[in-house]
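Student: One file: run_1.cif (mmCIF, C-alpha atoms and all ligand atoms).
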data_start
#
loop_
_atom_site.label_atom_id
_atom_site.label_comp_id
_atom_site.auth_asym_id
_atom_site.auth_seq_id
_atom_site.Cartn_x
_atom_site.Cartn_y
_atom_site.Cartn_z
CA MET A 289 -2.42 -5.09 -8.55
CA LYS A 290 -1.48 -4.47 -4.96
CA SER A 291 1.93 -2.96 -4.51
CA ASN A 292 3.71 -3.34 -1.22
CA ALA A 293 5.92 -0.32 -1.12
CA PHE A 294 7.95 0.03 2.08
CA GLY A 295 7.67 2.98 4.45
CA LEU A 296 10.58 5.39 4.96
CA ASP A 297 10.64 7.94 7.78
CA ILE A 298 13.60 10.33 7.80
CA GLY A 299 13.36 11.70 11.34
CA ASN A 300 15.68 14.16 13.05
CA ASN A 301 17.01 11.41 15.29
CA ALA A 302 16.77 8.27 13.19
CA ILE A 303 15.91 7.04 9.71
CA LYS A 304 13.47 4.15 9.88
CA VAL A 305 12.17 1.70 7.32
CA ALA A 306 9.29 -0.77 7.68
CA TRP A 307 8.05 -3.35 5.20
CA LEU A 308 4.93 -5.50 5.43
CA ASN A 309 3.42 -8.43 3.55
CA HIS A 310 -0.05 -7.57 2.34
CA ASP A 311 -1.69 -10.99 1.96
CA LYS A 312 -5.34 -11.45 1.12
CA ASN A 313 -6.80 -10.87 4.55
CA THR A 314 -3.81 -10.43 6.79
CA ILE A 315 -0.89 -8.14 7.10
CA SER A 316 2.31 -9.61 8.42
CA TYR A 317 5.79 -8.42 9.27
CA ALA A 318 8.47 -8.45 6.56
CA SER A 319 11.22 -6.29 8.04
CA SER A 320 12.14 -3.05 9.77
CA LEU A 321 15.37 -1.28 10.69
CA SER A 322 16.72 2.11 11.72
CA VAL A 323 20.00 4.06 11.64
CA PRO A 324 20.95 7.42 13.19
CA THR A 325 20.24 10.41 10.95
CA PRO A 326 23.36 12.36 9.91
CA VAL A 327 23.60 15.80 11.53
CA GLN A 328 22.42 17.78 8.48
CA GLY A 329 19.41 15.48 7.96
CA MET A 330 16.88 16.66 5.39
CA GLN A 331 17.65 20.35 6.02
CA SER A 332 20.85 20.55 3.99
CA GLU A 333 20.84 21.96 0.46
CA SER A 334 24.30 20.61 -0.32
CA PRO A 335 24.55 17.90 -3.02
CA PHE A 336 27.35 16.32 -0.99
CA ASP A 337 24.99 15.81 1.98
CA HIS A 338 22.26 14.50 -0.34
CA GLN A 339 24.70 11.92 -1.68
CA GLU A 340 25.65 10.87 1.85
CA LEU A 341 22.01 10.55 2.91
CA ALA A 342 21.24 8.54 -0.24
CA GLN A 343 24.06 6.11 0.56
CA ILE A 344 22.85 5.67 4.14
CA ILE A 345 19.29 4.97 2.93
CA ASN A 346 20.51 2.61 0.24
CA LYS A 347 22.49 0.61 2.82
CA LEU A 348 19.54 0.62 5.23
CA VAL A 349 17.28 -0.86 2.54
CA ILE A 350 19.84 -3.56 1.72
CA ASP A 351 20.47 -4.38 5.39
CA ALA A 352 16.72 -4.66 5.96
CA LYS A 353 16.55 -7.06 2.98
CA ILE A 354 13.87 -4.96 1.32
CA THR A 355 13.55 -6.10 -2.29
CA THR A 356 11.20 -3.48 -3.68
CA ASN A 357 12.33 -0.06 -4.91
CA ASN A 358 8.91 1.45 -4.25
CA VAL A 359 8.74 3.71 -1.25
CA ASN A 360 6.07 5.70 0.60
CA ILE A 361 7.29 8.80 2.39
CA ALA A 362 5.90 11.27 4.90
CA LEU A 363 6.72 14.93 5.43
CA ALA A 364 7.09 16.33 8.93
CA GLU A 365 4.16 18.50 9.98
CA ASN A 366 6.39 21.50 10.59
CA HIS A 367 7.64 21.41 6.99
CA ALA A 368 4.36 20.62 5.32
CA PHE A 369 0.89 21.72 6.15
CA THR A 370 -2.21 19.66 6.95
CA LYS A 371 -5.56 21.22 7.76
CA VAL A 372 -9.14 20.04 7.93
CA VAL A 373 -11.32 22.78 6.41
CA GLU A 374 -15.08 23.07 6.39
CA MET A 375 -16.67 23.94 3.04
CA PRO A 376 -20.10 24.03 1.45
CA MET A 377 -21.18 20.84 -0.36
CA LEU A 378 -19.49 20.94 -3.79
CA SER A 379 -18.95 18.59 -6.69
CA GLU A 380 -15.39 17.36 -7.32
CA LYS A 381 -15.08 19.88 -10.15
CA GLU A 382 -16.30 22.81 -8.09
CA LEU A 383 -14.08 21.72 -5.22
CA SER A 384 -10.96 21.63 -7.37
CA SER A 385 -11.26 25.34 -8.07
CA ALA A 386 -12.77 26.45 -4.74
CA ILE A 387 -10.00 24.75 -2.80
CA TYR A 388 -7.49 27.35 -4.02
CA TRP A 389 -9.48 30.10 -2.31
CA GLU A 390 -9.45 28.11 0.89
CA ALA A 391 -5.76 27.37 0.52
CA GLU A 392 -4.99 31.05 0.14
CA GLN A 393 -6.59 31.73 3.51
CA TYR A 394 -4.95 28.90 5.41
CA ILE A 395 -1.55 28.26 3.90
CA PRO A 396 1.17 30.60 5.07
CA MET A 397 3.24 30.20 1.87
CA PRO A 398 2.75 31.55 -1.68
CA LEU A 399 0.61 28.98 -3.50
CA ASP A 400 2.92 28.79 -6.52
CA THR A 401 5.69 27.45 -4.26
CA VAL A 402 3.66 24.54 -2.87
CA THR A 403 2.14 21.32 -4.14
CA LEU A 404 -1.49 21.08 -3.04
CA ALA A 405 -3.50 17.94 -2.44
CA TRP A 406 -6.96 17.49 -0.95
CA SER A 407 -9.58 14.88 -0.26
CA LYS A 408 -13.14 14.92 1.05
CA LEU A 409 -13.50 13.37 4.49
CA GLU A 410 -16.33 10.88 4.65
CA THR A 411 -17.45 11.50 8.17
CA PRO A 412 -20.98 11.14 9.42
CA ASN A 413 -20.80 14.18 11.60
CA SER A 414 -23.93 15.46 13.23
CA SER A 415 -22.30 18.78 14.15
CA LEU A 416 -22.13 19.69 10.47
CA SER A 417 -25.28 20.70 8.69
CA GLU A 418 -26.34 18.91 5.53
CA GLU A 419 -24.84 21.68 3.38
CA ARG A 420 -21.30 21.49 4.75
CA MET A 421 -18.50 19.02 4.23
CA GLN A 422 -15.00 18.57 5.59
CA VAL A 423 -11.99 18.54 3.33
CA LEU A 424 -8.46 17.54 4.21
CA LEU A 425 -6.03 20.01 2.69
CA VAL A 426 -2.34 19.17 2.42
CA ALA A 427 0.35 21.49 1.08
CA ALA A 428 4.06 20.88 0.82
CA PRO A 429 6.85 23.15 -0.42
CA LYS A 430 7.89 22.11 -3.93
CA THR A 431 11.56 22.48 -2.94
CA LEU A 432 11.19 19.91 -0.16
CA ILE A 433 9.47 17.37 -2.40
CA LYS A 434 12.16 17.94 -5.03
CA ARG A 435 14.88 17.33 -2.41
CA TYR A 436 13.27 14.02 -1.40
CA GLN A 437 13.09 13.08 -5.07
CA THR A 438 16.76 13.89 -5.65
CA ILE A 439 17.93 11.94 -2.61
CA LEU A 440 15.74 8.91 -3.22
CA ASP A 441 16.65 8.86 -6.93
CA LEU A 442 20.28 8.70 -5.87
CA ALA A 443 19.37 5.84 -3.53
CA GLY A 444 17.78 3.98 -6.47
CA LEU A 445 14.24 4.28 -5.08
CA THR A 446 10.93 5.39 -6.57
CA ILE A 447 8.52 7.47 -4.49
CA VAL A 448 5.01 6.13 -4.96
CA SER A 449 3.25 8.30 -2.40
CA VAL A 450 3.79 11.34 -0.22
CA GLU A 451 1.68 12.28 2.78
CA THR A 452 2.16 14.08 6.09
CA GLU A 453 3.33 12.23 9.19
CA ILE A 454 0.11 12.51 11.16
CA LEU A 455 -1.82 10.64 8.45
CA ALA A 456 0.69 7.78 8.55
CA VAL A 457 0.58 7.67 12.35
CA ILE A 458 -3.23 7.49 12.35
CA ARG A 459 -3.09 4.53 9.96
CA SER A 460 -0.61 2.74 12.21
CA LEU A 461 -2.57 3.22 15.44
CA ILE A 462 -6.25 3.31 14.60
CA PRO A 463 -7.71 0.07 13.23
CA PRO A 464 -10.37 0.54 10.54
CA ASN A 465 -13.14 -0.71 12.83
CA ASN A 466 -14.78 1.42 15.47
CA THR A 467 -12.32 3.10 17.82
CA PRO A 468 -13.16 5.65 20.48
CA THR A 469 -12.33 9.26 19.66
CA SER A 470 -8.64 9.62 20.45
CA LEU A 471 -5.97 12.25 20.74
CA ILE A 472 -2.66 11.09 19.29
CA ALA A 473 0.68 12.61 20.29
CA ASN A 474 3.65 11.54 18.15
CA ILE A 475 6.63 12.60 20.26
CA GLY A 476 9.79 12.74 18.15
CA ALA A 477 13.24 14.17 18.77
CA MET A 478 12.59 17.76 17.66
CA SER A 479 8.83 18.03 17.57
CA THR A 480 5.54 16.58 18.74
CA THR A 481 2.59 16.21 16.42
CA LEU A 482 -0.90 16.19 17.85
CA GLY A 483 -3.93 14.82 16.05
CA ILE A 484 -7.54 14.17 17.02
CA VAL A 485 -9.24 11.25 15.32
CA GLN A 486 -12.99 10.73 15.27
CA ASN A 487 -14.49 7.65 13.58
CA GLY A 488 -11.05 6.91 12.15
CA ILE A 489 -10.82 10.33 10.51
CA ILE A 490 -8.60 13.26 11.41
CA VAL A 491 -10.50 16.32 12.63
CA PHE A 492 -7.63 18.37 14.08
CA ASN A 493 -3.84 18.46 13.92
CA TYR A 494 -1.09 20.65 15.27
CA SER A 495 2.69 20.50 15.60
CA VAL A 496 4.61 21.65 18.71
CA PRO A 497 8.35 22.35 18.33
CA LEU A 498 9.29 20.26 21.38
CA GLY A 499 10.48 16.67 21.63
CA GLY A 500 12.94 14.28 23.24
CA ILE A 501 16.04 16.39 22.56
CA ALA A 502 14.69 19.26 24.69
CA LEU A 503 14.22 16.83 27.60
CA THR A 504 17.78 15.50 27.27
CA ARG A 505 19.18 19.04 27.14
CA ALA A 506 17.26 20.01 30.27
CA ILE A 507 18.74 17.04 32.17
CA ALA A 508 22.24 17.78 30.82
CA SER A 509 22.07 21.36 31.99
CA ASP A 510 20.52 20.63 35.43
CA PHE A 511 22.97 17.83 36.23
CA GLY A 512 25.97 19.29 34.37
CA LEU A 513 26.23 16.08 32.32
CA PRO A 514 27.34 15.36 28.76
CA ILE A 515 24.42 14.80 26.36
CA GLU A 516 25.00 11.04 26.02
CA GLN A 517 24.78 10.51 29.76
CA ALA A 518 21.78 12.80 30.12
CA GLU A 519 20.05 10.72 27.41
CA GLU A 520 20.75 7.60 29.48
CA TYR A 521 19.31 9.20 32.64
CA LYS A 522 16.22 10.23 30.72
CA ARG A 523 15.58 6.74 29.39
CA VAL A 524 16.27 4.98 32.68
CA TYR A 525 14.62 7.30 35.22
CA GLY A 526 12.26 9.56 33.28
CA LEU A 527 9.39 10.58 35.53
CA SER A 528 9.80 7.72 37.97
CA ASP A 529 10.28 9.27 41.36
CA LYS A 530 12.41 6.67 43.05
CA ASN A 531 15.81 7.83 41.88
CA PHE A 532 17.71 11.02 42.52
CA GLY A 533 14.78 12.08 44.68
CA GLY A 534 12.80 12.78 41.50
CA LYS A 535 15.49 15.18 40.26
CA VAL A 536 15.35 13.93 36.67
CA GLY A 537 11.59 14.38 36.74
CA ARG A 538 11.94 17.92 38.08
CA ALA A 539 14.46 18.82 35.35
CA ILE A 540 12.09 17.81 32.56
CA GLU A 541 8.78 18.86 34.07
CA PRO A 542 8.77 22.46 32.70
CA ILE A 543 9.01 21.08 29.14
CA LEU A 544 6.34 18.48 29.78
CA THR A 545 4.09 21.17 31.25
CA THR A 546 4.42 23.18 28.02
CA LEU A 547 3.50 20.08 26.03
CA LEU A 548 0.58 19.40 28.33
CA THR A 549 -0.69 22.96 27.81
CA GLU A 550 -0.71 22.40 24.04
CA VAL A 551 -2.58 19.11 24.47
CA LYS A 552 -5.15 20.86 26.68
CA LYS A 553 -5.64 23.54 24.01
CA ALA A 554 -6.31 20.81 21.43
CA LEU A 555 -8.83 19.16 23.76
CA THR A 556 -10.59 22.48 24.34
CA PHE A 557 -10.74 23.15 20.62
CA TYR A 558 -12.35 19.77 20.08
CA THR A 559 -14.84 20.07 22.94
CA ASP A 560 -15.92 23.56 21.82
CA LYS A 561 -16.42 22.45 18.24
CA TYR A 562 -17.97 19.02 18.70
CA LYS A 563 -19.61 19.55 22.11
CA SER A 564 -20.25 16.22 23.76
CA GLU A 565 -21.25 14.23 20.69
CA SER A 566 -18.21 11.95 20.80
CA PRO A 567 -15.94 12.85 23.71
CA ILE A 568 -12.23 12.04 23.61
CA SER A 569 -11.61 9.06 25.83
CA GLN A 570 -7.92 8.30 25.37
CA ILE A 571 -4.59 9.80 24.54
CA LEU A 572 -2.32 7.58 22.46
CA LEU A 573 1.36 8.41 22.94
CA THR A 574 3.72 7.27 20.24
CA GLY A 575 7.09 8.18 18.65
CA GLY A 576 10.39 7.46 20.42
CA GLY A 577 9.74 10.08 23.11
CA ALA A 578 6.56 8.28 24.24
CA SER A 579 8.70 5.58 25.92
CA LEU A 580 9.82 8.02 28.63
CA PRO A 581 9.20 6.13 31.89
CA GLY A 582 6.05 7.41 33.60
CA LEU A 583 4.86 9.59 30.70
CA ALA A 584 1.56 7.81 29.99
CA VAL A 585 0.62 8.02 33.68
CA TYR A 586 1.66 11.70 33.81
CA PHE A 587 -0.61 12.58 30.88
CA ALA A 588 -3.46 10.45 32.21
CA GLN A 589 -3.33 12.07 35.65
CA ASN A 590 -3.14 15.60 34.32
CA LEU A 591 -5.80 15.22 31.65
CA GLY A 592 -8.25 12.83 33.28
CA LEU A 593 -8.08 10.58 30.20
CA GLU A 594 -6.72 7.12 29.68
CA GLY A 595 -3.04 7.38 28.66
CA VAL A 596 -1.67 4.62 26.44
CA LEU A 597 1.88 4.03 25.23
CA ALA A 598 0.76 3.14 21.71
CA ASN A 599 2.71 0.47 19.87
CA PRO A 600 1.55 0.01 16.25
CA TRP A 601 2.69 -3.62 16.08
CA SER A 602 0.29 -4.61 18.84
CA MET A 603 -2.46 -2.02 18.16
CA LEU A 604 -2.93 -3.47 14.68
CA ASN A 605 -2.16 -7.04 15.70
CA ILE A 606 0.48 -7.45 12.99
CA GLN A 607 1.66 -11.05 12.85
CA GLY A 608 5.22 -12.36 12.96
CA VAL A 609 6.92 -9.39 14.63
CA PRO A 610 10.18 -10.47 16.36
CA GLN A 611 10.26 -9.63 20.08
CA ALA A 612 13.25 -7.27 19.85
CA VAL A 613 11.44 -5.34 17.09
CA GLU A 614 8.10 -5.32 18.93
CA GLN A 615 9.34 -3.12 21.77
CA LYS A 616 10.64 -0.46 19.37
CA GLY A 617 7.16 -0.11 17.85
CA PRO A 618 6.44 3.47 18.99
CA GLU A 619 9.54 4.81 17.19
CA PHE A 620 8.36 3.17 13.98
CA ALA A 621 4.81 4.56 14.02
CA VAL A 622 5.32 6.74 10.92
CA ALA A 623 7.24 4.08 8.95
CA ILE A 624 4.67 1.37 9.77
CA GLY A 625 1.77 3.64 8.81
CA LEU A 626 3.47 4.25 5.46
CA ALA A 627 4.07 0.53 4.91
CA LEU A 628 0.35 -0.10 5.58
CA LYS A 629 -0.70 1.98 2.58
CA GLU A 630 -2.45 -0.12 -0.02
CA TYR A 631 -3.16 0.53 -3.67
CA GLU A 632 -5.84 -1.07 -5.75
N1 LIG B 701 13.01 4.91 26.35
C1 LIG B 701 13.00 6.20 26.03
N2 LIG B 701 12.73 7.14 26.97
C2 LIG B 701 12.70 8.44 26.67
N3 LIG B 701 12.94 8.95 25.45
C3 LIG B 701 13.24 8.06 24.48
C4 LIG B 701 13.28 6.65 24.72
N4 LIG B 701 13.58 6.04 23.54
C5 LIG B 701 13.74 7.02 22.63
N5 LIG B 701 13.53 8.23 23.17
C6 LIG B 701 13.62 9.54 22.54
O1 LIG B 701 12.87 9.55 21.35
C7 LIG B 701 13.42 10.49 20.42
C8 LIG B 701 13.50 9.85 19.07
O2 LIG B 701 12.19 9.51 18.67
P1 LIG B 701 11.81 9.33 17.13
O3 LIG B 701 12.65 8.27 16.53
O4 LIG B 701 10.34 9.16 17.08
O5 LIG B 701 12.28 10.75 16.58
P2 LIG B 701 12.50 11.23 15.07
O6 LIG B 701 11.36 10.74 14.25
O7 LIG B 701 13.86 10.84 14.60
O8 LIG B 701 12.45 12.80 15.28
P3 LIG B 701 11.44 13.90 14.67
O9 LIG B 701 10.10 13.24 14.58
O10 LIG B 701 11.47 15.03 15.64
O11 LIG B 701 12.02 14.23 13.34
C9 LIG B 701 14.81 10.86 20.95
O12 LIG B 701 14.78 12.19 21.43
C10 LIG B 701 15.03 9.86 22.09
O13 LIG B 701 15.74 10.45 23.16
MG MG B 702 9.48 11.45 13.81
#
Could you show the structure in this file as structure tokens?
Tutor:
Amino acid sequence: MKSNAFGLDIGNNAIKVAWLNHDKNTISYASSLSVPTPVQGMQSESPFDHQELAQIINKLVIDAKITTNNVNIALAENHAFTKVVEMPMLSEKELSSAIYWEAEQYIPMPLDTVTLAWSKLETPNSSLSEERMQVLLVAAPKTLIKRYQTILDLAGLTIVSVETEILAVIRSLIPPNNTPTSLIANIGAMSTTLGIVQNGIIVFNYSVPLGGIALTRAIASDFGLPIEQAEEYKRVYGLSDKNFGGKVGRAIEPILTTLLTEVKKALTFYTDKYKSESPISQILLTGGGASLPGLAVYFAQNLGLEGVLANPWSMLNIQGVPQAVEQKGPEFAVAIGLALKEYE
């Protein structure tokens, strides 16, 4: 039986839900909605805050007219841990014990405090010899998963799957057919997650602790403005040079340069490892921060790649999306990717 759980993304700026109809051969829009995240967000350990968050989520689900209790969630990359590791060819049984040795090397937390999951990546990859395979390793602190469970229990929901954000974003932007090798940047409020996808499969990921809030703060401090107004300036003018003699652009450029440096490092890593076998041809910008005016052009010019403001609704050609919802697509990339998950 195919379940159509909805996707829930508890971001630092907003909580988003997305729900899709999985018909035989098509996927169509059911609903989506977002509300601001309360200040404590997912960080708080207080039962009072958990109760408040649960009530907000419960109301969001009702307002979005979602009628299933089944939910798919994603953990932020800076709280969980995703890594593609290269290993010798092993059977499933051998892998299930060998993976702990790998995890010990890569995971910066004691293994008894995390939940580990892994899967072999089926990638025809000529840079790997016959005797090697790639394995996707995911680890999440048990306390964080427990907190999600507590909050979503209180909200009357059942978690059916947990993954990391980058995996959901890849599902929402990369159709299953052949897509050119792409670098994805999911630009949120507090952080930006980078991922490189080759033949539909993740080969690299990294999280940078910079996002839209840092840009707003830079504008607020340069112009001496309250945060709300700085946010408005950011959204209206961004990197477009026509207004304030490019002053908004100049205020945010140092942060964008830092982000650009991280993207360049990711590109270098990829080029060194995979040589020219399947060069990266585009950078897909998503997340709320990707809508900054002029950002796609800025990245394209500085990287010599095509820069695309990536909207999951149109990238995947999902039918029946209302126009007002369509334009908010980038913010919903994680939630949509979660709603796309299918179970046999
Ligand atoms: N048109 C726009 N121009 C510039 N920035 C925008 C625009 N629309 C939204 N943003 C920014 O996007 C950010 C919110 O994006 P998103 O909803 O993806 O974040 P989040 O998932 O809540 O945060 P995080 O992923 O860091 O937990 C905010 O910082 C907001 O200022
Ligand atoms: Mg986010």
Student: Counting only C-alpha atoms, what is within 6 Å of segment 536-549 of chain A, bar same-chain residues fewer than 5 positions away, as a VMD selection string?
Tutor: chain A and resid 503 506 to 507 526 to 527
Student: Report, in Å to a single decimal, how far apart atom CA of Ala477 of chain A and atom CA of Ala342 of chain A are.
Tutor: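 Taking atom CA of Ala342 of chain A and atom CA of Ala477 of chain A, their separation equals 21.4 Å.
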Student: Sort by chain and increasing residue number a table of all residues of chain A within 6 Å of ligand LIG 701 (chain B), each with its closest pair of atoms and their distance in Å to one decimal, counting all atoms listed in the file, and write it as JSON lines.
Tutor:
{"residue": "A:Gly299", "atom": "CA", "partner": "B:LIG701", "partner_atom": "O7", "distance": 3.4}
{"residue": "A:Asn300", "atom": "CA", "partner": "B:LIG701", "partner_atom": "O11", "distance": 3.7}
{"residue": "A:Asn301", "atom": "CA", "partner": "B:LIG701", "partner_atom": "O7", "distance": 3.3}
{"residue": "A:Ala302", "atom": "CA", "partner": "B:LIG701", "partner_atom": "O7", "distance": 4.1}
{"residue": "A:Ile475", "atom": "CA", "partner": "B:LIG701", "partner_atom": "O4", "distance": 6.0}
{"residue": "A:Gly476", "atom": "CA", "partner": "B:LIG701", "partner_atom": "O5", "distance": 3.6}
{"residue": "A:Ala477", "atom": "CA", "partner": "B:LIG701", "partner_atom": "O12", "distance": 3.7}
{"residue": "A:Met478", "atom": "CA", "partner": "B:LIG701", "partner_atom": "O10", "distance": 3.6}
{"residue": "A:Ser479", "atom": "CA", "partner": "B:LIG701", "partner_atom": "O10", "distance": 4.4}
{"residue": "A:Gly500", "atom": "CA", "partner": "B:LIG701", "partner_atom": "O12", "distance": 3.3}
{"residue": "A:Ile501", "atom": "CA", "partner": "B:LIG701", "partner_atom": "O12", "distance": 4.5}
{"residue": "A:Lys522", "atom": "CA", "partner": "B:LIG701", "partner_atom": "C2", "distance": 5.7}
{"residue": "A:Arg523", "atom": "CA", "partner": "B:LIG701", "partner_atom": "N2", "distance": 3.8}
{"residue": "A:Gly575", "atom": "CA", "partner": "B:LIG701", "partner_atom": "O4", "distance": 3.7}
{"residue": "A:Gly576", "atom": "CA", "partner": "B:LIG701", "partner_atom": "O2", "distance": 3.2}
{"residue": "A:Gly577", "atom": "CA", "partner": "B:LIG701", "partner_atom": "O1", "distance": 3.6}
{"residue": "A:Ser579", "atom": "CA", "partner": "B:LIG701", "partner_atom": "C1", "distance": 4.3}
{"residue": "A:Leu580", "atom": "CA", "partner": "B:LIG701", "partner_atom": "N2", "distance": 3.5}
{"residue": "A:Glu619", "atom": "CA", "partner": "B:LIG701", "partner_atom": "O4", "distance": 4.4}
Student: Those same residues, written as a CSV table (one decimal), keeping the file's coordinate frame with C-alpha atoms?
Tutor:
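For reference, selection-v6.csv as written:
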chain,number,residue,atom,x,y,z
A,299,GLY,CA,13.4,11.7,11.3
A,300,ASN,CA,15.7,14.2,13.0
A,301,ASN,CA,17.0,11.4,15.3
A,302,ALA,CA,16.8,8.3,13.2
A,475,ILE,CA,6.6,12.6,20.3
A,476,GLY,CA,9.8,12.7,18.2
A,477,ALA,CA,13.2,14.2,18.8
A,478,MET,CA,12.6,17.8,17.7
A,479,SER,CA,8.8,18.0,17.6
A,500,GLY,CA,12.9,14.3,23.2
A,501,ILE,CA,16.0,16.4,22.6
A,522,LYS,CA,16.2,10.2,30.7
A,523,ARG,CA,15.6,6.7,29.4
A,575,GLY,CA,7.1,8.2,18.6
A,576,GLY,CA,10.4,7.5,20.4
A,577,GLY,CA,9.7,10.1,23.1
A,579,SER,CA,8.7,5.6,25.9
A,580,LEU,CA,9.8,8.0,28.6
A,619,GLU,CA,9.5,4.8,17.2
Student: Identify which of the residues A:Pro514, A:Gly488, A:Gly499, A:Pro398 lies closest to ligand MG 702 (chain B), counting all atoms listed in the file when measuring atom-to-atom distances.
Tutor: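 Among the listed residues, A:Gly499 lies closest to ligand MG 702 (chain B).
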Student: Identify, on the basis of all atoms listed in the file, every residue whose closest approach to Glu374 of chain A does not exceed 7 Å; exclude the query and any residue fewer than 3 positions from it along the same chain; express the result as a ChimeraX atom specification.
Tutor: /A:420-423
Student: For the atom pair atom CA of Asn493 of chain A and atom CA of Thr370 of chain A, what is the interatomic distance in Å to one decimal place?
Tutor: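 The value is 7.3 Å.
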Student: Between atom CA of Asp311 of chain A and atom CA of Ala293 of chain A, what distance in Å does the model show, to one decimal?
Tutor: 13.5 Å
Student: Closest to ligand MG 702 (chain B) among A:Ser495, A:Ile315, A:Gly444, A:Ser332, using all atoms listed in the file?
Tutor: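 Selected residue with least distance to ligand MG 702 (chain B): A:Ser495.
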Student: Mind checking which residues fall within 7 Å of Val457 of chain A, counting all atoms listed in the file, ignoring those fewer than 3 positions away in the same chain, and posting them as JSON, numbers by chain?
Tutor: {"A": [453, 454, 460, 461, 621, 622, 625]}
Student: Take the point (-3.7, 7.4, 19.3) in the file's coordinates, draw a sphere of radius 9 Å around it, and report as a PyMOL selection string every protein, DNA or RNA residue with an atom inside or on it, counting all atoms listed in the file.
Tutor: chain A and resi 457-458+461-462+469-474+483-485+570-574+596-598
Student: How would the residues just chosen look if you wrote them out with C-alpha atoms as a PDB file, keeping the file's coordinate frame?
Tutor:
ATOM      1  CA  VAL A 457       0.580   7.670  12.350  1.00  0.00           C
ATOM      2  CA  ILE A 458      -3.230   7.490  12.350  1.00  0.00           C
ATOM      3  CA  LEU A 461      -2.570   3.220  15.440  1.00  0.00           C
ATOM      4  CA  ILE A 462      -6.250   3.310  14.600  1.00  0.00           C
ATOM      5  CA  THR A 469     -12.330   9.260  19.660  1.00  0.00           C
ATOM      6  CA  SER A 470      -8.640   9.620  20.450  1.00  0.00           C
ATOM      7  CA  LEU A 471      -5.970  12.250  20.740  1.00  0.00           C
ATOM      8  CA  ILE A 472      -2.660  11.090  19.290  1.00  0.00           C
ATOM      9  CA  ALA A 473       0.680  12.610  20.290  1.00  0.00           C
ATOM     10  CA  ASN A 474       3.650  11.540  18.150  1.00  0.00           C
ATOM     11  CA  GLY A 483      -3.930  14.820  16.050  1.00  0.00           C
ATOM     12  CA  ILE A 484      -7.540  14.170  17.020  1.00  0.00           C
ATOM     13  CA  VAL A 485      -9.240  11.250  15.320  1.00  0.00           C
ATOM     14  CA  GLN A 570      -7.920   8.300  25.370  1.00  0.00           C
ATOM     15  CA  ILE A 571      -4.590   9.800  24.540  1.00  0.00           C
ATOM     16  CA  LEU A 572      -2.320   7.580  22.460  1.00  0.00           C
ATOM     17  CA  LEU A 573       1.360   8.410  22.940  1.00  0.00           C
ATOM     18  CA  THR A 574       3.720   7.270  20.240  1.00  0.00           C
ATOM     19  CA  VAL A 596      -1.670   4.620  26.440  1.00  0.00           C
ATOM     20  CA  LEU A 597       1.880   4.030  25.230  1.00  0.00           C
ATOM     21  CA  ALA A 598       0.760   3.140  21.710  1.00  0.00           C
TER      22      ALA A 598
END
Student: Can you pull out the residues contacting Tyr436 of chain A? Cut-off 10 Å, using only C-alpha atoms, and skip same-chain residues under 4 positions away; I want them as an mmCIF file with C-alpha atoms, in the coordinates of the input.
Tutor:
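The resulting file, part-v9.cif, is reproduced below:
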data_model
loop_
_atom_site.group_PDB
_atom_site.id
_atom_site.type_symbol
_atom_site.label_atom_id
_atom_site.label_comp_id
_atom_site.auth_asym_id
_atom_site.auth_seq_id
_atom_site.Cartn_x
_atom_site.Cartn_y
_atom_site.Cartn_z
ATOM 1 C CA ILE A 298 13.600 10.330 7.800
ATOM 2 C CA MET A 330 16.880 16.660 5.390
ATOM 3 C CA HIS A 338 22.260 14.500 -0.340
ATOM 4 C CA ALA A 342 21.240 8.540 -0.240
ATOM 5 C CA ILE A 361 7.290 8.800 2.390
ATOM 6 C CA LEU A 363 6.720 14.930 5.430
ATOM 7 C CA THR A 431 11.560 22.480 -2.940
ATOM 8 C CA LEU A 432 11.190 19.910 -0.160
ATOM 9 C CA LEU A 440 15.740 8.910 -3.220
ATOM 10 C CA ASP A 441 16.650 8.860 -6.930
ATOM 11 C CA LEU A 442 20.280 8.700 -5.870
ATOM 12 C CA ILE A 447 8.520 7.470 -4.490
ATOM 13 C CA VAL A 450 3.790 11.340 -0.220
#
Student: Pick the closest to ligand MG 702 (chain B) from A:Ile489, A:Pro618, A:Tyr521, A:Ala306: which is it, counting all atoms listed in the file?
Tutor: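 Among A:Ile489, A:Pro618, A:Tyr521, A:Ala306, it is A:Pro618 that comes nearest to ligand MG 702 (chain B).
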Student: Quick one: of A:Ile344, A:Ala364, A:Val448, A:Val496, who's nearest to ligand MG 702 (chain B), counting all atoms listed in the file?
Tutor: A:Ala364
Student: Using all atoms listed in the file, find the one residue out of A:Val609, A:Leu296, A:Ile345, A:Val359 that sits nearest to ligand MG 702 (chain B).
Tutor: A:Leu296
Student: Could you check the closest approach to Ser319 of chain A for each of A:Thr504, A:Gln607, A:Thr481, A:Ser509 and tell me which residue wins, using only C-alpha atoms?
Tutor: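 Residue with the minimum atom-to-atom distance to Ser319 of chain A: A:Gln607.
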Student: Which residues, protein or nucleic acid, reach to within 9 Å of (-1.8, 20.6, -4.9) in the file's coordinates when using all atoms listed in the file, and can you give that as a list in words?
Tutor: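 So the residues meeting the distance criterion are Tyr388, Leu399, Val402, Thr403, Leu404, Ala405, Trp406, Leu425, Val426, Ala427 and Ala428 of chain A.
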